[in-house]
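Asks: Could you have a look at this structure, given as structure tokens, before my questions?
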Amino acid sequence: MLLLQDPVLLIMFLPALLFALTFHEAAHAWMALRLGDHTARMLGRLTLNPMAHLDLFGTLSVLLIGFGWAKPVPFDPRNFQNPKRDILLTAAAGPISNMILAVGSAIALRILIHQGLGSAIIEGFWHTLGRIIALSLVVNLQLAFFNLIPLPPLDGSKILSGIVPNEWDRYIWRLEQIGPMLLFGLVMFGMLMRFSVFWLIIGPPVMLVARILSGIPFNNLSGFIYH
């Protein structure tokens, strides 16, 4: 809700969000193509055009509670040589792409700070640029770890199905039937109660990795972003 209450912060946040979501989905499409499936490319999903990937509810969820998703990239497992492995790799490509962007953002932020341009006491263009880069770091880490939650339709559920033995397939199938409804319910709960179950899960790894990559304690990083 803080994003919607602060127009300046929202304007800085949107580029980071759009590129993170777009890069994430394009990575799924790219990996599927590399593994032999052309479905996503033929449907126009192998692109960095955000309009091809955005999901209305998923985007609103990011703005309201800080977590969300884009439209799932379609693929046909019949085109994979090893479906179980290749579904896992296609799913993992999204979170990995966000981790790559997070590392790039952290390097850029460290460079700005080293040059004295990322400090909270510096105003103007460089201060704004530093906030955008810090937002990119946090947003990409949130998307990466959020999508690793093994709850359909998030990537973590497909990664899980690629790891567990075939004997577990029937449980995975049942989870896929109820997963989207459970995810929707948790999102709505977070909106109504202003309390995020998801942050309890992914908050610790997000804060830890952000600290490791940027060299800045997470509370200080958040203070730099929001002030």
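If you're wondering about the labels, chains in the structure tokens are A, B, ... by order shown, residues count from 1 in each chain, ligands from 1 in order shown.
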Residues at most 7 Å from range 17-20 of chain A, counting only C-alpha atoms, excluding those fewer than 2 positions away in the same chain, as a list of chain:residue names?
Replies: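 After dropping sequence-adjacent residues, the list is A:Phe13, A:Leu14, A:Pro15, A:Thr22, A:Phe23, A:His24, A:Pro50, A:Asn98, A:Val139, A:Asn140.
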Asks: Could you save those same residues with N, CA and C atoms as a PDB file, in the first residue's frame?
Replies:
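Result file follows (selection-v1.pdb):
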ATOM      1  N   PHE A  13       9.519   2.614  -8.812  1.00  0.00           N
ATOM      2  CA  PHE A  13       9.340   1.180  -8.628  1.00  0.00           C
ATOM      3  C   PHE A  13       8.916   0.475  -9.916  1.00  0.00           C
ATOM      4  N   LEU A  14       8.066   1.123 -10.709  1.00  0.00           N
ATOM      5  CA  LEU A  14       7.492   0.467 -11.883  1.00  0.00           C
ATOM      6  C   LEU A  14       8.530  -0.020 -12.894  1.00  0.00           C
ATOM      7  N   PRO A  15       9.565   0.785 -13.239  1.00  0.00           N
ATOM      8  CA  PRO A  15      10.559   0.251 -14.186  1.00  0.00           C
ATOM      9  C   PRO A  15      11.255  -1.002 -13.670  1.00  0.00           C
ATOM     10  N   THR A  22       9.287  -9.099 -16.733  1.00  0.00           N
ATOM     11  CA  THR A  22       9.466  -9.408 -18.151  1.00  0.00           C
ATOM     12  C   THR A  22      10.667 -10.314 -18.372  1.00  0.00           C
ATOM     13  N   PHE A  23      11.768 -10.001 -17.725  1.00  0.00           N
ATOM     14  CA  PHE A  23      12.983 -10.805 -17.868  1.00  0.00           C
ATOM     15  C   PHE A  23      12.755 -12.221 -17.342  1.00  0.00           C
ATOM     16  N   HIS A  24      12.002 -12.313 -16.258  1.00  0.00           N
ATOM     17  CA  HIS A  24      11.663 -13.610 -15.653  1.00  0.00           C
ATOM     18  C   HIS A  24      10.902 -14.497 -16.642  1.00  0.00           C
ATOM     19  N   PRO A  50       6.934  -5.950 -21.995  1.00  0.00           N
ATOM     20  CA  PRO A  50       6.183  -6.307 -20.783  1.00  0.00           C
ATOM     21  C   PRO A  50       4.714  -6.581 -21.031  1.00  0.00           C
ATOM     22  N   ASN A  98      16.058 -13.701 -12.200  1.00  0.00           N
ATOM     23  CA  ASN A  98      15.917 -12.625 -11.222  1.00  0.00           C
ATOM     24  C   ASN A  98      17.137 -12.527 -10.307  1.00  0.00           C
ATOM     25  N   VAL A 139      13.392  -6.010  -5.417  1.00  0.00           N
ATOM     26  CA  VAL A 139      12.285  -6.576  -6.198  1.00  0.00           C
ATOM     27  C   VAL A 139      12.685  -7.905  -6.823  1.00  0.00           C
ATOM     28  N   ASN A 140      13.878  -7.987  -7.385  1.00  0.00           N
ATOM     29  CA  ASN A 140      14.306  -9.227  -8.027  1.00  0.00           C
ATOM     30  C   ASN A 140      14.514 -10.348  -7.019  1.00  0.00           C
TER      31      ASN A 140
END
Asks: I need the residues of range 10-76 of chain A that end up classed as alpha helix (DSSP H) by DSSP on the backbone, written out as an NGL selection string.
Replies: :A and (10-34 or 39-42 or 56-65)
Asks: Name all residues at most 7 Å from range 164-181 of chain A (count only C-alpha atoms; drop same-chain ones fewer than 5 positions away) and give them as a list in words.
Replies: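 Neighbouring residues, sequence-local ones excluded: Leu151, Pro152 and Pro153 of chain A.
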Asks: For Leu46 in chain A, find every residue with an atom within 7 Å (counting only C-alpha atoms), except residues of its own chain fewer than 5 positions away, and show them as an MDAnalysis selection string.
Replies: chainID A and resid 26 29:30 40:41
Asks: Out of A:Thr90, A:Leu109, A:Pro205, A:Leu154, which residue has the shortest atom-to-atom distance to Phe184 in chain A when counting only C-alpha atoms?
Replies: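 Residue with the minimum atom-to-atom distance to Phe184 in chain A: A:Leu154.
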Asks: Using only C-alpha atoms, which residue out of A:Val103, A:Leu208, A:Leu33, A:Met188 lies closest to Val73 in chain A?
Replies: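 The answer is A:Leu33, which sits nearest to Val73 in chain A.
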